[in-house]
file data01.txt (compact mmCIF, C-alpha atoms and all ligand atoms)
# COMPACT_ATOMS: atom_id res chain seq x y z
CA MET A 216 -44.36 107.80 -107.10
CA HIS A 217 -41.38 110.14 -106.82
CA THR A 218 -39.50 110.51 -110.08
CA ALA A 219 -35.90 110.99 -111.20
CA ILE A 220 -34.67 112.08 -114.63
CA ILE A 221 -31.18 111.11 -115.77
CA SER A 222 -29.80 112.63 -118.95
CA GLY A 223 -26.88 110.90 -120.65
CA VAL A 224 -27.72 107.23 -120.30
CA GLY A 225 -25.87 104.81 -122.53
CA PRO A 226 -24.56 101.27 -121.99
CA LEU A 227 -25.63 99.32 -118.91
CA GLU A 228 -22.05 99.28 -117.62
CA GLY A 229 -21.84 103.06 -117.72
CA LEU A 230 -22.33 105.77 -115.13
CA GLY A 231 -25.64 107.09 -116.50
CA ALA A 232 -27.21 103.64 -116.56
CA GLN A 233 -25.93 102.70 -113.12
CA LEU A 234 -27.31 105.93 -111.66
CA GLY A 235 -30.68 104.82 -113.05
CA VAL A 236 -30.36 101.33 -111.60
CA ARG A 237 -29.45 102.66 -108.14
CA PHE A 238 -32.09 105.36 -107.90
CA ALA A 239 -34.73 102.86 -108.98
CA LYS A 240 -33.58 100.73 -106.04
CA GLU A 241 -33.98 103.82 -103.86
CA GLY A 242 -37.67 103.68 -104.82
CA LEU A 243 -37.84 106.34 -107.53
CA HIS A 244 -39.49 105.97 -110.91
CA VAL A 245 -36.58 106.70 -113.25
CA LEU A 246 -36.72 108.35 -116.66
CA VAL A 247 -33.51 107.40 -118.44
CA ALA A 248 -32.72 109.70 -121.36
CA GLY A 249 -30.22 109.25 -124.15
CA ARG A 250 -30.02 109.03 -127.91
CA THR A 251 -30.00 105.27 -128.51
CA GLU A 252 -33.22 103.30 -128.04
CA GLN A 253 -31.51 99.92 -127.83
CA LYS A 254 -29.27 101.02 -124.93
CA LEU A 255 -32.17 102.64 -123.08
CA ASP A 256 -34.29 99.49 -123.53
CA ALA A 257 -31.51 97.40 -121.97
CA VAL A 258 -31.26 99.74 -118.98
CA VAL A 259 -35.03 99.81 -118.45
CA ALA A 260 -35.18 96.01 -118.70
CA ALA A 261 -32.38 95.66 -116.11
CA ILE A 262 -34.20 98.01 -113.72
CA LYS A 263 -37.52 96.22 -114.15
CA ALA A 264 -35.87 92.80 -113.70
CA GLU A 265 -34.93 93.92 -110.20
CA GLY A 266 -38.43 95.14 -109.44
CA GLY A 267 -37.81 98.83 -110.17
CA SER A 268 -39.81 101.26 -112.25
CA ALA A 269 -38.33 103.02 -115.28
CA GLU A 270 -38.95 104.27 -118.79
CA GLY A 271 -36.60 105.25 -121.57
CA VAL A 272 -36.86 108.59 -123.35
CA ILE A 273 -35.03 109.37 -126.57
CA ALA A 274 -33.80 112.91 -126.08
CA ASP A 275 -30.74 114.71 -127.39
CA ALA A 276 -29.58 116.85 -124.48
CA THR A 277 -28.67 119.74 -126.80
CA ASP A 278 -32.21 119.96 -128.21
CA GLU A 279 -34.38 122.47 -126.34
CA ALA A 280 -37.75 121.00 -127.38
CA ALA A 281 -36.63 117.46 -126.53
CA THR A 282 -35.46 118.61 -123.09
CA GLU A 283 -38.76 120.39 -122.43
CA ASP A 284 -40.65 117.27 -123.50
CA LEU A 285 -38.48 115.12 -121.22
CA PHE A 286 -39.44 117.22 -118.19
CA ALA A 287 -43.10 117.32 -119.23
CA ARG A 288 -43.09 113.52 -118.96
CA ALA A 289 -41.92 113.63 -115.35
CA GLY A 290 -45.27 114.87 -114.05
CA ASP A 291 -45.39 116.74 -110.75
CA GLN A 292 -43.49 114.21 -108.64
CA LEU A 293 -39.98 115.07 -109.83
CA GLU A 294 -37.51 114.80 -106.93
CA LEU A 295 -34.17 114.38 -108.65
CA ALA A 296 -32.61 115.45 -111.94
CA ILE A 297 -29.10 114.39 -113.00
CA TYR A 298 -27.23 115.82 -115.99
CA ASN A 299 -24.67 113.13 -116.79
CA THR A 300 -24.29 113.90 -120.52
CA GLY A 301 -20.79 114.98 -121.51
CA ASN A 302 -18.48 113.45 -124.06
CA ASN A 303 -14.73 113.91 -123.97
CA THR A 304 -13.50 115.83 -127.03
CA PRO A 305 -9.70 115.63 -127.25
CA GLY A 306 -7.70 117.60 -129.79
CA ARG A 307 -5.17 120.39 -130.20
CA ILE A 308 -6.60 123.90 -130.50
CA ILE A 309 -4.53 124.67 -133.61
CA ASP A 310 -6.19 121.80 -135.50
CA MET A 311 -9.68 122.30 -134.13
CA SER A 312 -12.64 123.42 -136.24
CA ALA A 313 -15.04 125.97 -134.79
CA ASP A 314 -17.89 123.46 -135.12
CA PHE A 315 -16.01 120.83 -133.11
CA PHE A 316 -15.36 123.31 -130.30
CA ALA A 317 -18.94 124.58 -130.32
CA GLU A 318 -20.34 121.04 -130.27
CA SER A 319 -18.25 120.17 -127.23
CA TRP A 320 -19.71 123.21 -125.45
CA ARG A 321 -23.24 122.35 -126.58
CA VAL A 322 -23.07 118.83 -125.16
CA CYS A 323 -21.22 119.56 -121.92
CA CYS A 324 -22.49 123.03 -121.01
CA PHE A 325 -25.44 124.27 -123.08
CA GLY A 326 -27.29 120.97 -122.58
CA GLY A 327 -26.69 121.37 -118.85
CA PHE A 328 -28.24 124.83 -118.99
CA LEU A 329 -31.37 123.54 -120.79
CA PHE A 330 -31.62 120.62 -118.36
CA GLY A 331 -31.02 122.75 -115.27
CA ARG A 332 -33.52 125.39 -116.37
CA GLU A 333 -36.27 122.83 -116.90
CA ALA A 334 -35.46 121.16 -113.59
CA VAL A 335 -35.72 124.36 -111.55
CA LYS A 336 -38.95 125.28 -113.37
CA LYS A 337 -40.45 121.94 -112.29
CA PHE A 338 -39.10 122.17 -108.75
CA THR A 339 -40.31 125.73 -108.17
CA GLU A 340 -43.74 125.02 -109.72
CA ARG A 341 -44.78 122.82 -106.85
CA SER A 342 -42.75 124.67 -104.13
CA ARG A 343 -41.25 121.54 -102.61
CA GLY A 344 -37.68 121.85 -103.78
CA GLY A 345 -35.68 119.01 -105.29
CA THR A 346 -32.16 117.87 -106.12
CA LEU A 347 -30.26 118.78 -109.29
CA LEU A 348 -26.90 117.07 -109.82
CA PHE A 349 -24.27 117.40 -112.53
CA THR A 350 -21.50 114.98 -113.50
CA GLY A 351 -18.10 116.62 -113.73
CA ALA A 352 -14.65 115.34 -114.69
CA SER A 353 -10.99 116.20 -114.07
CA ALA A 354 -11.62 118.67 -116.88
CA SER A 355 -14.05 120.61 -114.68
CA LEU A 356 -11.20 121.93 -112.53
CA ARG A 357 -8.20 122.42 -114.79
CA GLY A 358 -7.03 122.98 -118.33
CA ARG A 359 -4.75 120.39 -119.90
CA ALA A 360 -2.88 120.24 -123.20
CA ASN A 361 -4.89 118.49 -125.94
CA PHE A 362 -8.18 118.80 -124.05
CA GLY A 363 -8.97 122.51 -124.41
CA ALA A 364 -12.48 122.04 -125.80
CA PHE A 365 -13.53 119.54 -123.13
CA ASN A 366 -11.80 121.40 -120.26
CA SER A 367 -13.44 124.69 -121.14
CA SER A 368 -16.94 123.25 -121.55
CA LYS A 369 -16.79 121.12 -118.39
CA GLY A 370 -15.38 124.10 -116.46
CA ALA A 371 -18.27 126.21 -117.72
CA LEU A 372 -20.77 123.56 -116.63
CA ARG A 373 -19.27 123.59 -113.13
CA ASN A 374 -19.62 127.38 -112.86
CA LEU A 375 -23.19 127.14 -114.12
CA ALA A 376 -23.94 124.52 -111.46
CA GLN A 377 -22.39 126.69 -108.75
CA ALA A 378 -24.41 129.72 -109.88
CA MET A 379 -27.59 127.66 -109.83
CA ALA A 380 -26.76 126.27 -106.38
CA LYS A 381 -26.66 129.84 -105.06
CA GLU A 382 -29.60 131.11 -107.13
CA TYR A 383 -32.05 128.36 -106.08
CA ALA A 384 -31.00 127.37 -102.54
CA GLU A 385 -33.73 129.60 -101.13
CA ASP A 386 -36.26 127.62 -103.15
CA GLY A 387 -35.14 124.42 -101.43
CA ILE A 388 -33.31 123.20 -104.52
CA HIS A 389 -30.06 121.40 -103.76
CA VAL A 390 -27.66 121.69 -106.69
CA GLY A 391 -24.56 119.52 -106.60
CA HIS A 392 -21.59 118.66 -108.80
CA VAL A 393 -19.60 115.42 -108.74
CA VAL A 394 -16.03 115.63 -110.04
CA VAL A 395 -15.11 112.24 -111.48
CA ASP A 396 -11.34 112.66 -111.43
CA GLY A 397 -10.03 109.90 -113.69
CA PRO A 398 -11.17 107.12 -115.99
CA ILE A 399 -14.31 105.21 -115.03
CA ALA A 400 -14.20 101.41 -114.92
CA GLY A 401 -17.11 101.13 -117.33
CA GLU A 402 -18.00 100.18 -120.87
CA LYS A 403 -16.57 103.33 -122.37
CA ILE A 404 -12.96 102.81 -121.31
CA LYS A 405 -13.03 99.00 -121.26
CA GLY A 406 -14.92 98.67 -124.55
CA ARG A 407 -13.43 101.48 -126.60
CA PHE A 408 -9.93 101.63 -125.16
CA PRO A 409 -9.19 98.07 -123.98
CA GLU A 410 -5.41 98.47 -124.07
CA TYR A 411 -5.61 101.62 -121.96
CA ALA A 412 -7.97 99.83 -119.53
CA GLU A 413 -5.57 96.93 -119.26
CA LYS A 414 -2.66 99.25 -118.61
CA LEU A 415 -4.59 101.00 -115.83
CA GLY A 416 -5.92 97.79 -114.29
CA GLU A 417 -9.07 97.67 -112.14
CA ASP A 418 -7.29 99.57 -109.36
CA GLY A 419 -6.47 102.43 -111.70
CA MET A 420 -10.05 103.10 -112.81
CA ILE A 421 -12.83 104.61 -110.72
CA ASN A 422 -15.43 102.16 -109.51
CA ILE A 423 -18.89 103.06 -110.84
CA GLY A 424 -20.69 101.92 -107.70
CA GLY A 425 -18.48 104.23 -105.67
CA ILE A 426 -19.35 107.21 -107.87
CA VAL A 427 -23.05 106.38 -107.65
CA ASP A 428 -22.73 106.26 -103.83
CA GLY A 429 -21.62 109.91 -104.02
CA PHE A 430 -24.74 110.90 -105.93
CA VAL A 431 -26.96 109.06 -103.44
CA TYR A 432 -25.15 110.81 -100.56
CA LEU A 433 -25.86 114.22 -102.09
CA TYR A 434 -29.49 113.30 -102.80
CA ARG A 435 -30.05 112.21 -99.22
CA GLN A 436 -28.53 115.24 -97.51
CA PRO A 437 -30.79 117.25 -95.22
CA GLN A 438 -31.43 120.87 -96.20
CA GLN A 439 -29.38 122.03 -93.20
CA ALA A 440 -26.22 120.24 -94.40
CA TRP A 441 -25.84 120.49 -98.16
CA THR A 442 -22.64 119.77 -100.07
CA PHE A 443 -22.14 121.47 -103.41
CA GLU A 444 -19.26 119.34 -104.65
CA LEU A 445 -17.79 115.90 -104.22
CA ASP A 446 -14.68 114.59 -105.93
CA VAL A 447 -13.96 110.93 -106.53
CA ARG A 448 -10.69 109.33 -107.67
CA THR A 449 -8.70 106.13 -107.23
CA SER A 450 -5.83 105.88 -104.74
CA LYS A 451 -3.51 105.66 -107.77
CA GLU A 452 -4.56 108.94 -109.33
CA LYS A 453 -1.84 111.59 -109.57
CA TRP A 454 -3.63 114.84 -108.91
N1 LIG B 1 -15.91 107.67 -119.00
C1 LIG B 1 -15.01 108.20 -118.21
O1 LIG B 1 -13.92 107.65 -118.00
C2 LIG B 1 -15.30 109.51 -117.50
C3 LIG B 1 -14.32 110.05 -116.65
C4 LIG B 1 -14.61 111.23 -115.97
C5 LIG B 1 -15.84 111.84 -116.13
N2 LIG B 1 -16.76 111.28 -116.97
C6 LIG B 1 -18.05 111.96 -117.11
O2 LIG B 1 -19.07 111.02 -116.79
C7 LIG B 1 -20.21 111.29 -117.59
C8 LIG B 1 -20.68 110.10 -118.40
O3 LIG B 1 -19.69 109.25 -118.65
P1 LIG B 1 -19.45 108.31 -119.92
O4 LIG B 1 -19.21 109.10 -121.14
O5 LIG B 1 -18.41 107.41 -119.42
O6 LIG B 1 -20.72 107.54 -120.28
P2 LIG B 1 -22.07 106.90 -119.69
O7 LIG B 1 -22.47 107.50 -118.42
O8 LIG B 1 -21.94 105.42 -119.78
O9 LIG B 1 -23.08 107.31 -120.83
C9 LIG B 1 -23.35 108.59 -121.20
C10 LIG B 1 -24.18 108.47 -122.44
O10 LIG B 1 -24.70 109.76 -122.75
C11 LIG B 1 -25.21 109.65 -124.06
N3 LIG B 1 -25.10 110.93 -124.74
C12 LIG B 1 -24.02 111.46 -125.35
N4 LIG B 1 -24.33 112.63 -125.92
C13 LIG B 1 -25.64 112.83 -125.66
C14 LIG B 1 -26.55 113.86 -125.98
N5 LIG B 1 -26.19 114.91 -126.72
N6 LIG B 1 -27.81 113.75 -125.52
C15 LIG B 1 -28.20 112.70 -124.78
N7 LIG B 1 -27.39 111.69 -124.46
C16 LIG B 1 -26.13 111.76 -124.89
C17 LIG B 1 -24.35 108.61 -124.79
O11 LIG B 1 -25.18 107.57 -125.27
P3 LIG B 1 -25.78 107.68 -126.78
O12 LIG B 1 -24.59 107.95 -127.65
O13 LIG B 1 -26.39 106.38 -126.98
O14 LIG B 1 -26.75 108.81 -126.74
C18 LIG B 1 -23.45 108.07 -123.68
O15 LIG B 1 -23.28 106.68 -123.78
C19 LIG B 1 -19.87 112.45 -118.51
O16 LIG B 1 -20.35 113.63 -117.94
C20 LIG B 1 -18.36 112.41 -118.52
O17 LIG B 1 -17.79 113.68 -118.81
C21 LIG B 1 -16.52 110.14 -117.67

call {"tool": "encode", "arguments": {"input": "data01.txt", "output": "structure tokens"}}
result
Amino acid sequence: MHTAIISGVGPLEGLGAQLGVRFAKEGLHVLVAGRTEQKLDAVVAAIKAEGGSAEGVIADATDEAATEDLFARAGDQLELAIYNTGNNTPGRIIDMSADFFAESWRVCCFGGFLFGREAVKKFTERSRGGTLLFTGASASLRGRANFGAFNSSKGALRNLAQAMAKEYAEDGIHVGHVVVDGPIAGEKIKGRFPEYAEKLGEDGMINIGGIVDGFVYLYRQPQQAWTFELDVRTSKEKW
């Protein structure tokens, strides 16, 4: 069975989890990776309840050995790898500790490097290519006051993805980047920032299913018509 790995899977009503649910419906065996067993169990149970195939893997994306182990579990049928991990890290530069800044970079960019490296190793091993996708944010494209750590690490991830797209195209590896330009209508915003979610309303937050559609579109593209980047935003977004 063809396999997908998704790094950065949390609550069921989150982007990582919903990528897992959709790609299981597309017929892939999905390895969902994150740091919290309980959340992964819920995602795996939801996938299995709909007849899909999945397993949860506890793996911190910034840990090299854990990332290598994650890819070792995928066997030789890996078709798709998605690096969705990436926490927002707001704060003014003047107040920011070096550790805070470095941790933002580790999660958003360094983890993407470890993940991308293991993915291309797997894809080139069996000479059949594959698809490697990264989740971006508004931060991937521009710097903004109070978000310097997140903007710089997401921007670096985007450049890494673009470099990999060019470096591995000849190996049949399609690398793509999805810019999620605005707040997602998921557990994170609704659960942690309910007042903000209410102020935005459903129309002011990006629909998760719509974002997932973008990933499926990239995954399904023929080798003669590859897109590197998609951006997704609501009609209300000021950009
Ligand atoms: N949420 C938004 O509004 C929004 C907007 C634009 C772009 N994005 C981008 O969309 C992606 C995911 O969005 P999301 O944050 O909303 O959450 P999500 O897809 O629902 O879940 C991502 C999960 O990744 C896990 N994670 C965090 N650090 C990790 C690490 N070091 N190793 C492995 N797993 C880790 C977290 O779960 P555990 O803590 O349980 O490990 C988190 O719940 C990110 O790339 C983000 O930058 C989000």

call {"tool": "residues_around", "arguments": {"input": "data01.txt", "residues": "A:Asp314", "least_positions_apart": "6", "cutoff": "12 Å", "atoms": "all atoms listed in the file", "output": "list in words"}}
result
Thr304, Trp320, Arg321 and Ala364 of chain A

call {"tool": "atom_distance", "arguments": {"input": "data01.txt", "atom1": "atom CA of A:Ala281", "atom2": "atom CA of A:Gly242"}}
result
25.7 Å

call {"tool": "closest_residue", "arguments": {"input": "data01.txt", "among": "A:Gly401, A:Gly345, A:Gly290, A:Gly229", "to": "ligand LIG 1 (chain B)", "atoms": "only C-alpha atoms and all ligand atoms"}}
result
A:Gly229

call {"tool": "residues_near_ligand", "arguments": {"input": "data01.txt", "ligand": "ligand LIG 1 (chain B)", "cutoff": "7 Å", "atoms": "all atoms listed in the file", "output": "ChimeraX atom specification"}}
result
/A:222-226,228-232,248-251,254,274-277,299-303,322,350-353,395-404

call {"tool": "residues_near_point", "arguments": {"input": "data01.txt", "point": "(-35.0, 110.9, -106.2)", "cutoff": "8 Å", "atoms": "all atoms listed in the file", "output": "list of chain:residue names"}}
result
A:His217, A:Thr218, A:Ala219, A:Phe238, A:Glu241, A:Gly242, A:Leu243, A:Leu293, A:Glu294, A:Leu295, A:Ala296, A:Thr346, A:Tyr434

call {"tool": "atom_distance", "arguments": {"input": "data01.txt", "atom1": "atom CA of A:His389", "atom2": "atom CA of A:Ala261"}}
result
28.6 Å

call {"tool": "atom_distance", "arguments": {"input": "data01.txt", "atom1": "atom CA of A:Arg288", "atom2": "atom CA of A:Glu340"}}
result
14.8 Å

call {"tool": "residues_near_point", "arguments": {"input": "data01.txt", "point": "(-30.5, 120.6, -120.0)", "cutoff": "8 Å", "atoms": "all atoms listed in the file", "output": "PyMOL selection string"}}
result
chain A and resi 276-277+279+282+298+325-333

call {"tool": "closest_residue", "arguments": {"input": "data01.txt", "among": "A:Val431, A:Pro305, A:Pro437, A:Gly419", "to": "A:Gly344", "atoms": "all atoms listed in the file"}}
result
A:Pro437

call {"tool": "closest_residue", "arguments": {"input": "data01.txt", "among": "A:Thr449, A:Gln253, A:Gln439, A:Gln292", "to": "A:Ile426", "atoms": "all atoms listed in the file"}}
result
A:Thr449

call {"tool": "decode", "arguments": {"input": "data01.txt", "residues": "stretch 231-245 of chain A", "atoms": "N, CA and C atoms", "output": "short mmCIF file (atom, residue, chain, number, x, y, z; two decimals), in the first residue's frame"}}
result
data_model
loop_
_atom_site.label_atom_id
_atom_site.label_comp_id
_atom_site.auth_asym_id
_atom_site.auth_seq_id
_atom_site.Cartn_x
_atom_site.Cartn_y
_atom_site.Cartn_z
N GLY A 231 -3.08 19.44 10.21
CA GLY A 231 -2.30 18.20 10.12
C GLY A 231 -3.20 16.98 10.14
N ALA A 232 -4.12 16.96 11.09
CA ALA A 232 -5.02 15.81 11.21
C ALA A 232 -5.90 15.66 9.98
N GLN A 233 -6.42 16.78 9.48
CA GLN A 233 -7.33 16.70 8.33
C GLN A 233 -6.60 16.32 7.04
N LEU A 234 -5.31 16.64 6.97
CA LEU A 234 -4.51 16.14 5.83
C LEU A 234 -4.46 14.61 5.91
N GLY A 235 -4.27 14.11 7.13
CA GLY A 235 -4.22 12.65 7.33
C GLY A 235 -5.53 12.00 6.94
N VAL A 236 -6.63 12.58 7.40
CA VAL A 236 -7.95 12.02 7.10
C VAL A 236 -8.18 11.97 5.58
N ARG A 237 -7.83 13.07 4.89
CA ARG A 237 -8.10 13.13 3.45
C ARG A 237 -7.20 12.17 2.65
N PHE A 238 -5.93 12.13 3.00
CA PHE A 238 -5.05 11.26 2.20
C PHE A 238 -5.32 9.78 2.49
N ALA A 239 -5.87 9.49 3.65
CA ALA A 239 -6.31 8.10 3.90
C ALA A 239 -7.49 7.79 2.97
N LYS A 240 -8.36 8.77 2.79
CA LYS A 240 -9.50 8.58 1.86
C LYS A 240 -9.02 8.43 0.43
N GLU A 241 -7.88 9.04 0.14
CA GLU A 241 -7.29 8.91 -1.21
C GLU A 241 -6.64 7.54 -1.39
N GLY A 242 -6.67 6.71 -0.35
CA GLY A 242 -6.18 5.34 -0.46
C GLY A 242 -4.77 5.11 0.05
N LEU A 243 -4.19 6.11 0.70
CA LEU A 243 -2.83 5.94 1.23
C LEU A 243 -2.87 5.46 2.67
N HIS A 244 -1.86 4.66 3.04
CA HIS A 244 -1.65 4.37 4.46
C HIS A 244 -0.93 5.58 5.03
N VAL A 245 -1.48 6.15 6.10
CA VAL A 245 -0.95 7.43 6.59
C VAL A 245 -0.26 7.28 7.94
#
